[in-house]
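> I have a structure here, written as structure tokens, and I will follow up with some questions on it.
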Amino acid sequence: MILGKVTGTVVATQKDEKLVGSKLLIVQDVNLEGELERKYIVAVDAVGAGIGEIVLVATGSSARQTNATSNKPVDGVVMAIVDTIEISGEVRYMK
């Protein structure tokens, strides 16, 4: 899984028919210090995430395991919105 921040959206009026109705988000990787990395992924939103939220992204064949992405041509899915990140008893992020 990838920890990331939703930084944008993608609109594609012409796409595979299996993707019609899917919301596409641009997610930028975040390290455990909360700093943005210079790596991005376009992922289908399966949980109703919005701009600025910290999310978990599944990639590869795992991205096709949600109800929103089953049997669809996707390689990334936002599958959780993060509420809290705690490392060694220290809260690093809280929504």
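Convention: chains lettered A, B, ... in structure tokens order; per-chain residue numbering from 1; ligands numbered from 1 as shown.
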Quick one: residues within 6 Å of region 17-30 of chain A, only C-alpha atoms counted, chain neighbours fewer than 5 positions away excluded, as a list in words?

Leu3, Gly4, Lys5, Val6, Thr7, Gly8, Thr9, Val10, Glu35, Leu36, Glu37, Lys39, Tyr40, Ile41, Val42, Ala43, Val44, Asp45 and Lys72 of chain A

> If you count only C-alpha atoms, which residues fall within 12 Å of Ile87 (chain A), apart from same-chain ones fewer than 4 positions away, as a tab-separated table (two decimals) with all heavy atoms, in the first residue's frame?


chain	number	residue	atom	x	y	z
A	32	LEU	N	6.64	9.16	6.06
A	32	LEU	CA	6.15	9.04	7.43
A	32	LEU	C	6.34	10.30	8.26
A	32	LEU	O	5.82	10.41	9.37
A	32	LEU	CB	6.79	7.84	8.12
A	32	LEU	CG	6.41	6.49	7.51
A	32	LEU	CD1	7.13	5.36	8.24
A	32	LEU	CD2	4.91	6.28	7.54
A	33	GLU	N	7.07	11.27	7.73
A	33	GLU	CA	7.21	12.57	8.39
A	33	GLU	C	6.11	13.52	7.93
A	33	GLU	O	6.06	14.67	8.37
A	33	GLU	CB	8.59	13.17	8.08
A	33	GLU	CG	9.76	12.30	8.49
A	33	GLU	CD	9.75	11.96	9.97
A	33	GLU	OE1	9.42	12.83	10.79
A	33	GLU	OE2	10.07	10.80	10.30
A	91	VAL	N	1.84	10.21	17.72
A	91	VAL	CA	0.87	10.51	16.66
A	91	VAL	C	1.55	11.44	15.66
A	91	VAL	O	1.96	12.55	16.01
A	91	VAL	CB	-0.42	11.14	17.23
A	91	VAL	CG1	-1.34	11.56	16.10
A	91	VAL	CG2	-1.12	10.17	18.16
A	92	ARG	N	1.68	10.96	14.42
A	92	ARG	CA	2.33	11.75	13.37
A	92	ARG	C	1.32	12.49	12.51
A	92	ARG	O	1.65	13.47	11.87
A	92	ARG	CB	3.15	10.83	12.48
A	92	ARG	CG	4.23	10.07	13.18
A	92	ARG	CD	5.54	10.84	13.22
A	92	ARG	NE	6.58	10.08	13.87
A	92	ARG	CZ	7.59	9.52	13.23
A	92	ARG	NH1	7.70	9.62	11.93
A	92	ARG	NH2	8.49	8.85	13.92
A	93	TYR	N	0.09	11.97	12.49
A	93	TYR	CA	-0.97	12.62	11.70
A	93	TYR	C	-2.31	12.32	12.34
A	93	TYR	O	-2.56	11.21	12.79
A	93	TYR	CB	-0.97	12.09	10.26
A	93	TYR	CG	-2.18	12.52	9.46
A	93	TYR	CD1	-2.25	13.79	8.89
A	93	TYR	CD2	-3.28	11.68	9.31
A	93	TYR	CE1	-3.36	14.19	8.17
A	93	TYR	CE2	-4.40	12.08	8.59
A	93	TYR	CZ	-4.43	13.33	8.03
A	93	TYR	OH	-5.54	13.73	7.33

> Which residues are near Met79 (chain A)? Cut-off 8 Å, only C-alpha atoms, ignore same chain within fewer than 6 positions. Put them as an MDAnalysis selection string.

chainID A and resid 45:47 55:58 66

> Check the DSSP output for the backbone and give back, as a ChimeraX atom specification, the residues of chain A in strand (DSSP E).

/A:2-10,24-30,36-45,54-59,76-81,84-87,90-94

> Between CA of Asn31 (chain A) and CA of Val11 (chain A), what is the distance, to one decimal in Å?

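One can read the CA of Asn31 (chain A) to CA of Val11 (chain A) distance as 27.0 Å.
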
> With only C-alpha atoms as the basis for distance, which of A:Val77, A:Met94, A:Ser88, A:Gly48 is at the shortest distance from Gly60 (chain A)?

A:Val77

> Write out as a count of residues only all residues of chain A that DSSP puts in helix (DSSP H, G or I) for this structure's backbone.

8

> Given the choices A:Ile2, A:Asp16, A:Ile85, A:Ala49, which gets closest to Pro73 (chain A) if the distance is worked out from only C-alpha atoms?

A:Asp16
